[in-house]
Amino acid sequence: MAQTAEQPGFGKKRKQHVLILASGDRVRHLTIRPWMTALAVSVAGALSLAYLGATSYLILRDDLIGATMARQTRMQHDYEDRIAALRAQVDRVTSRQLLDQQVVERKVEKLLDQQTALTSRHGRMSELMERAENAGITPAATPSAFSNALLPEKSADKGRGVSAIEKLMQPDKAPKSEKQVFYAPGSGETPSDRADRIFSKVTLSLKDIERQQISRIAELTADAENKATAMQDIIRQAGLKIDEAGNQDVGGPYAAPQPAENDPFNVSLASLDNALNRLDLVKETATGMPFGNPAPGRTITSRFGNRLDPFLGRPALHTGIDFRAETGANVKATGAGTVTIAENSGGYGNMVEIDHGQGVSTRFGHLSAILVKPGDKIDTGDVIGRAGSTGRSTGPHIHYEVRRNDAPVDPMRFLVAGSELKTYLK
């Protein structure tokens, strides 16, 4: 490379550097221009910077990698902590739901037990109500619509009970403009709160049914007691008594009542059962004693008491009453009992005597025909003979006597009592 030694003067053009390259016989000239110098310096600078950058990277690489790994580790720990918090929250929600579910299941089981108890009670009530209806006692109270929904014929199994309770647990239907997501956050009512409200409502309804049942039983008991007392008073006015303890077992060691017996419902059932038993006993006495009429619809021609004897013409005791009747007319038993006499008996002529118990007996005299024999069991209204005029009689009629311990008593007392008892024996 050749270079001039002279410096250019002002206004003179600077001489350019020439690079001569020789290779054997070949010679090349390359003029070095300023831009080539600048380019060479730039390339050299860039290579220097790249070298310095690479050297710095290699020196700082471990620190960068460590910082990156530390940052990733912190992010991982943060995610793990967040996941753990969410998992704990899910566990708390799940536990709460399980607890709520267990509470609801216990309450459902309790309600089903109450429903089963009501069903069992209704079964026992049905028997007593049937007895009361047969006795002519009709309950005045009528069960509510909710009571009808839980009667055995409408809810005889637990599956239907569960379906009914699940139906109650469903959210209420609101207008479209007021629709809300049930149990949504901020709704103000949790599943447990709604379950408590629903079950409280159902429990109160069941208690209302129980009160209605007890009230109906109390009404039936009062009616049975009143009817038995009225009939008993009528029977006592006729001179008879009701042997209320005759068929009961008494005595024995004392034992505390079972807990179930102290339940108001069971106590009311026991009271109704006792009242119906008493009414049955009074009715049995009323149907067994001679309170019927031996000649329904026929007039009385001679009453009980002193009168002039038709044969002797002087005062004599007439021990019965006479009914006007033609020969062959039916003569009916006035009460249930056993035939003790069925034969011709002196002044009675053909006579039938029936023993009704408690020392009470009836006699039917002057019969033209006897249709029973001693030992026959007779019910009220059975035809036991035909009217006639046998024995000490002046014409066909029905002679009827009522005797107490074989002493004659006025049959009118029994006829009047019988007419009053008819209203209670229907």
# chains A, B, ... in the order shown; residues from 1 in each chain; ligands from 1
>>> residues_around(residues="Glu353 in chain A", least_positions_apart="6", cutoff="6 Å", atoms="only C-alpha atoms", output="PyMOL selection string")
chain A and resi 339-341+362-363
>>> residues_around(residues="Thr287 in chain A", least_positions_apart="6", cutoff="10 Å", atoms="only C-alpha atoms", output="tab-separated table (two decimals) with N, CA and C atoms, in the first residue's frame")
chain	number	residue	atom	x	y	z
A	281	LEU	N	-122.93	-52.30	77.29
A	281	LEU	CA	-123.52	-53.00	78.43
A	281	LEU	C	-124.94	-52.51	78.71
A	334	THR	N	-141.07	-59.75	74.80
A	334	THR	CA	-140.72	-58.34	75.04
A	334	THR	C	-139.25	-58.15	75.37
A	335	GLY	N	-138.48	-59.22	75.47
A	335	GLY	CA	-137.06	-59.12	75.75
A	335	GLY	C	-136.40	-60.47	75.52
A	336	ALA	N	-135.07	-60.44	75.39
A	336	ALA	CA	-134.34	-61.70	75.18
A	336	ALA	C	-134.28	-62.49	76.49
A	337	GLY	N	-134.30	-63.80	76.36
A	337	GLY	CA	-134.23	-64.64	77.57
A	337	GLY	C	-134.39	-66.10	77.24
A	356	HIS	N	-135.46	-63.39	82.06
A	356	HIS	CA	-134.61	-62.39	81.41
A	356	HIS	C	-133.35	-62.06	82.22
A	379	ASP	N	-135.31	-64.15	71.45
A	379	ASP	CA	-134.89	-62.76	71.24
A	379	ASP	C	-136.11	-61.85	71.27
A	380	THR	N	-135.85	-60.57	71.48
A	380	THR	CA	-136.93	-59.59	71.50
A	380	THR	C	-137.68	-59.61	70.16
A	418	GLY	N	-139.47	-48.59	77.62
A	418	GLY	CA	-139.15	-49.11	76.30
A	418	GLY	C	-139.39	-48.09	75.20
A	421	LEU	N	-136.58	-45.70	75.36
A	421	LEU	CA	-135.31	-46.29	74.93
A	421	LEU	C	-135.24	-46.47	73.42
A	425	LEU	N	-131.96	-46.76	70.80
A	425	LEU	CA	-131.63	-48.08	70.28
A	425	LEU	C	-131.71	-48.14	68.76
>>> residues_around(residues="range 396-403 of chain A", least_positions_apart="5", cutoff="8 Å", atoms="only C-alpha atoms", output="list in words")
Pro290, Pro294, Ala295, Thr319, Gly320, Ile321, Asp322, Phe323, Arg324, Ala325, Glu326, Thr327, Val331, Gly359, Val360, Ser361, Thr362, Arg363, Phe364, Gly365, His366, Leu367, Ala387, Gly388, Ser389, Pro408, Val409, Asp410 and Pro411 of chain A
>>> atom_distance(atom1="CA of Val93 in chain A", atom2="CA of Leu111 in chain A")
26.5 Å
>>> atom_distance(atom1="CA of Asn293 in chain A", atom2="CA of Pro315 in chain A")
27.2 Å
>>> residues_around(residues="Asn277 in chain A", least_positions_apart="3", cutoff="10 Å", atoms="only C-alpha atoms", output="list in words")
Arg131, Ala224, Glu225, Ala228, Glu244, Ser271, Leu272, Asp273, Asn274, Asp280, Leu281, Val282 and Lys283 of chain A
